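Engineer: Before I ask anything, here is the structure I am working with.
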Amino acid sequence: MPDPTSSRGATSLETPRLLLRGLRSDDLDGFAAINAQPEVMRYIHDGHPLDRATTAERLAICQRQWDEHGFGLYAVEIRETGELAGFTGLAVPTFLPEIMPAVEIGWRLGRAHWGRGLATEAAQAVVAHTRAELDLRRLVSIHVVGNDASARVMVKIGMSLERETVQPDTGRQVRVYAMDL
């Protein structure tokens with residue numbers, strides 16, 4: 001039986017400090033630890049931390065994304081130590097129907113990895129790969145109002161504010177950033 005959390009279609013990408021690679025089943029504990037951090041999850045979906053079982057379900061969804069779309073989320077690993085820092089990559093933002101069809105670039109790093117430019121470095125690698133290898137013309141990113149650090153990453157990678165709206169399933173105010181490729 002295939003491993004539901006390995007990303008067979010993922011291409012590995014490298015930056016000076018990071019390895020972006022396919023998600024593996026042995027990433028579950030690391031992702032569960034990141035998703036259990038209230039500070040990390042404050043601006044994700046409804047703002048609540050995720051338990052290990054829910055994280056396992058999300059990893060399986062990530063695998064399906066690669067299979068269904070030819071893109072998805074990468075594990076972000078610190079090259080020097082091999083430590084799992086979080087993830088970055090592409091997804092289809094069905095939670096915000098008014099912007100569909102769309103492809104979203106996003107990231108999530110554990111609290112210990114904030115403030116070092118790692119999200120920007122990882123996202124820039126994904127944008128470069130997307131431009132060179134994927135047949136996409138546009139990317140969006142959704143910023144929950146208040147998550148200023150994430151909005152700064154969006155601007156640093158070349159995105160501009162496109163609209164403000166409300167996420168229907170949570171009622172949260174969001175800003176949609178976009179960029180042409």
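Naming works like this for the structure tokens: A, B, ... for the chains as they're shown, residue 1 at the start of each chain, ligands 1 onward in shown order.
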Could you give me, as a VMD selection string, each residue of chain A that DSSP assigns to alpha helix (DSSP H) when run on this structure's backbone?
Structural biologist: chain A and resid 28 to 35 38 to 41 52 to 69 118 to 133 148 to 156
Engineer: With a distance cut-off of 6 Å and only C-alpha atoms, select the neighbouring residues of Arg138 in chain A, excluding the residue or stretch itself and same-chain residues fewer than 5 positions from it, and output the selection as an MDAnalysis selection string.
Structural biologist: chainID A and resid 179:181
Engineer: Nearest to Met41 in chain A: which of A:Leu13, A:Leu109, A:Ala91, A:Leu18 is it, counting only C-alpha atoms?
Structural biologist: A:Leu109
Engineer: Between A:Thr15, A:Gln65, A:Gly110, A:Thr55, which residue has the minimum interatomic distance to Ile34 in chain A, considering only C-alpha atoms?
Structural biologist: A:Gly110
Engineer: Can you work out the spacing between CA of Pro97 in chain A and CA of Asp67 in chain A in Å, to one decimal?
Structural biologist: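 A separation of 21.8 Å between them.
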Engineer: Wanna dump the range 52-95 of chain A-range 21-31 of chain A contacts at 10 Å for me, each residue with its shortest atom pair and the distance in Å to one decimal, counting only C-alpha atoms, ordered by chain and number, as a Markdown table?
Structural biologist:
| residue | atom | partner | partner_atom | distance |
| --- | --- | --- | --- | --- |
| A:Arg52 | CA | A:Asp29 | CA | 7.6 |
| A:Ala53 | CA | A:Leu28 | CA | 9.4 |
| A:Thr55 | CA | A:Phe31 | CA | 6.9 |
| A:Ala56 | CA | A:Leu28 | CA | 6.4 |
| A:Arg58 | CA | A:Phe31 | CA | 9.9 |
| A:Leu59 | CA | A:Leu23 | CA | 7.6 |
| A:Ala60 | CA | A:Ser25 | CA | 9.4 |
| A:Cys62 | CA | A:Leu23 | CA | 8.1 |
| A:Gln63 | CA | A:Leu23 | CA | 7.9 |
| A:Trp66 | CA | A:Gly22 | CA | 9.5 |
| A:Gly72 | CA | A:Gly22 | CA | 8.9 |
| A:Leu73 | CA | A:Gly22 | CA | 7.5 |
| A:Tyr74 | CA | A:Arg21 | CA | 5.2 |
| A:Ala75 | CA | A:Arg21 | CA | 5.3 |
| A:Val76 | CA | A:Arg21 | CA | 6.8 |
| A:Glu77 | CA | A:Arg21 | CA | 7.7 |
| A:Glu83 | CA | A:Gly30 | CA | 8.8 |
| A:Leu84 | CA | A:Gly30 | CA | 6.4 |
| A:Ala85 | CA | A:Gly30 | CA | 8.2 |
| A:Gly86 | CA | A:Phe31 | CA | 6.8 |
| A:Phe87 | CA | A:Phe31 | CA | 8.7 |
| A:Thr88 | CA | A:Arg21 | CA | 9.8 |
Engineer: Could you take the residues named above and write them with N, CA and C atoms, as an mmCIF file, in the first residue's frame?
Structural biologist:
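Everything below was put into part_8.cif:
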data_model
loop_
_atom_site.group_PDB
_atom_site.id
_atom_site.type_symbol
_atom_site.label_atom_id
_atom_site.label_comp_id
_atom_site.auth_asym_id
_atom_site.auth_seq_id
_atom_site.Cartn_x
_atom_site.Cartn_y
_atom_site.Cartn_z
ATOM 1 N N ARG A 52 -2.686 15.639 16.536
ATOM 2 C CA ARG A 52 -1.890 14.760 15.667
ATOM 3 C C ARG A 52 -2.755 14.079 14.603
ATOM 4 N N ALA A 53 -3.946 13.623 14.975
ATOM 5 C CA ALA A 53 -4.818 12.937 14.025
ATOM 6 C C ALA A 53 -5.253 13.878 12.893
ATOM 7 N N THR A 55 -3.616 16.544 11.908
ATOM 8 C CA THR A 55 -2.414 16.795 11.117
ATOM 9 C C THR A 55 -2.173 15.645 10.145
ATOM 10 N N ALA A 56 -2.371 14.415 10.584
ATOM 11 C CA ALA A 56 -2.206 13.258 9.694
ATOM 12 C C ALA A 56 -3.186 13.337 8.520
ATOM 13 N N ARG A 58 -4.402 16.085 7.248
ATOM 14 C CA ARG A 58 -3.935 17.181 6.384
ATOM 15 C C ARG A 58 -2.763 16.737 5.512
ATOM 16 N N LEU A 59 -1.873 15.905 6.060
ATOM 17 C CA LEU A 59 -0.756 15.396 5.258
ATOM 18 C C LEU A 59 -1.269 14.533 4.106
ATOM 19 N N ALA A 60 -2.295 13.745 4.360
ATOM 20 C CA ALA A 60 -2.890 12.937 3.292
ATOM 21 C C ALA A 60 -3.498 13.826 2.208
ATOM 22 N N CYS A 62 -2.409 16.758 1.432
ATOM 23 C CA CYS A 62 -1.259 17.291 0.689
ATOM 24 C C CYS A 62 -0.824 16.329 -0.410
ATOM 25 N N GLN A 63 -0.827 15.038 -0.123
ATOM 26 C CA GLN A 63 -0.467 14.047 -1.137
ATOM 27 C C GLN A 63 -1.440 14.090 -2.303
ATOM 28 N N TRP A 66 -0.711 16.901 -4.811
ATOM 29 C CA TRP A 66 0.335 16.597 -5.801
ATOM 30 C C TRP A 66 -0.215 15.702 -6.900
ATOM 31 N N GLY A 72 1.983 21.161 -5.006
ATOM 32 C CA GLY A 72 1.505 20.995 -3.645
ATOM 33 C C GLY A 72 2.447 21.654 -2.661
ATOM 34 N N LEU A 73 2.427 21.138 -1.452
ATOM 35 C CA LEU A 73 3.241 21.695 -0.377
ATOM 36 C C LEU A 73 4.532 20.902 -0.219
ATOM 37 N N TYR A 74 5.588 21.636 0.086
ATOM 38 C CA TYR A 74 6.900 21.054 0.359
ATOM 39 C C TYR A 74 7.198 21.142 1.850
ATOM 40 N N ALA A 75 7.848 20.118 2.366
ATOM 41 C CA ALA A 75 8.436 20.229 3.695
ATOM 42 C C ALA A 75 9.600 21.196 3.584
ATOM 43 N N VAL A 76 9.746 22.085 4.565
ATOM 44 C CA VAL A 76 10.881 23.012 4.625
ATOM 45 C C VAL A 76 11.835 22.470 5.692
ATOM 46 N N GLU A 77 12.994 22.077 5.233
ATOM 47 C CA GLU A 77 13.995 21.482 6.110
ATOM 48 C C GLU A 77 15.221 22.394 6.163
ATOM 49 N N GLU A 83 16.581 19.700 10.385
ATOM 50 C CA GLU A 83 15.370 19.932 11.173
ATOM 51 C C GLU A 83 14.215 20.370 10.276
ATOM 52 N N LEU A 84 13.028 19.841 10.559
ATOM 53 C CA LEU A 84 11.815 20.254 9.869
ATOM 54 C C LEU A 84 11.366 21.591 10.439
ATOM 55 N N ALA A 85 11.332 22.620 9.593
ATOM 56 C CA ALA A 85 10.942 23.959 10.036
ATOM 57 C C ALA A 85 9.465 24.236 9.785
ATOM 58 N N GLY A 86 8.865 23.562 8.798
ATOM 59 C CA GLY A 86 7.478 23.804 8.447
ATOM 60 C C GLY A 86 7.204 23.382 7.027
ATOM 61 N N PHE A 87 6.365 24.153 6.325
ATOM 62 C CA PHE A 87 6.095 23.857 4.924
ATOM 63 C C PHE A 87 5.887 25.138 4.146
ATOM 64 N N THR A 88 5.990 25.015 2.839
ATOM 65 C CA THR A 88 5.632 26.068 1.895
ATOM 66 C C THR A 88 5.193 25.390 0.606
#
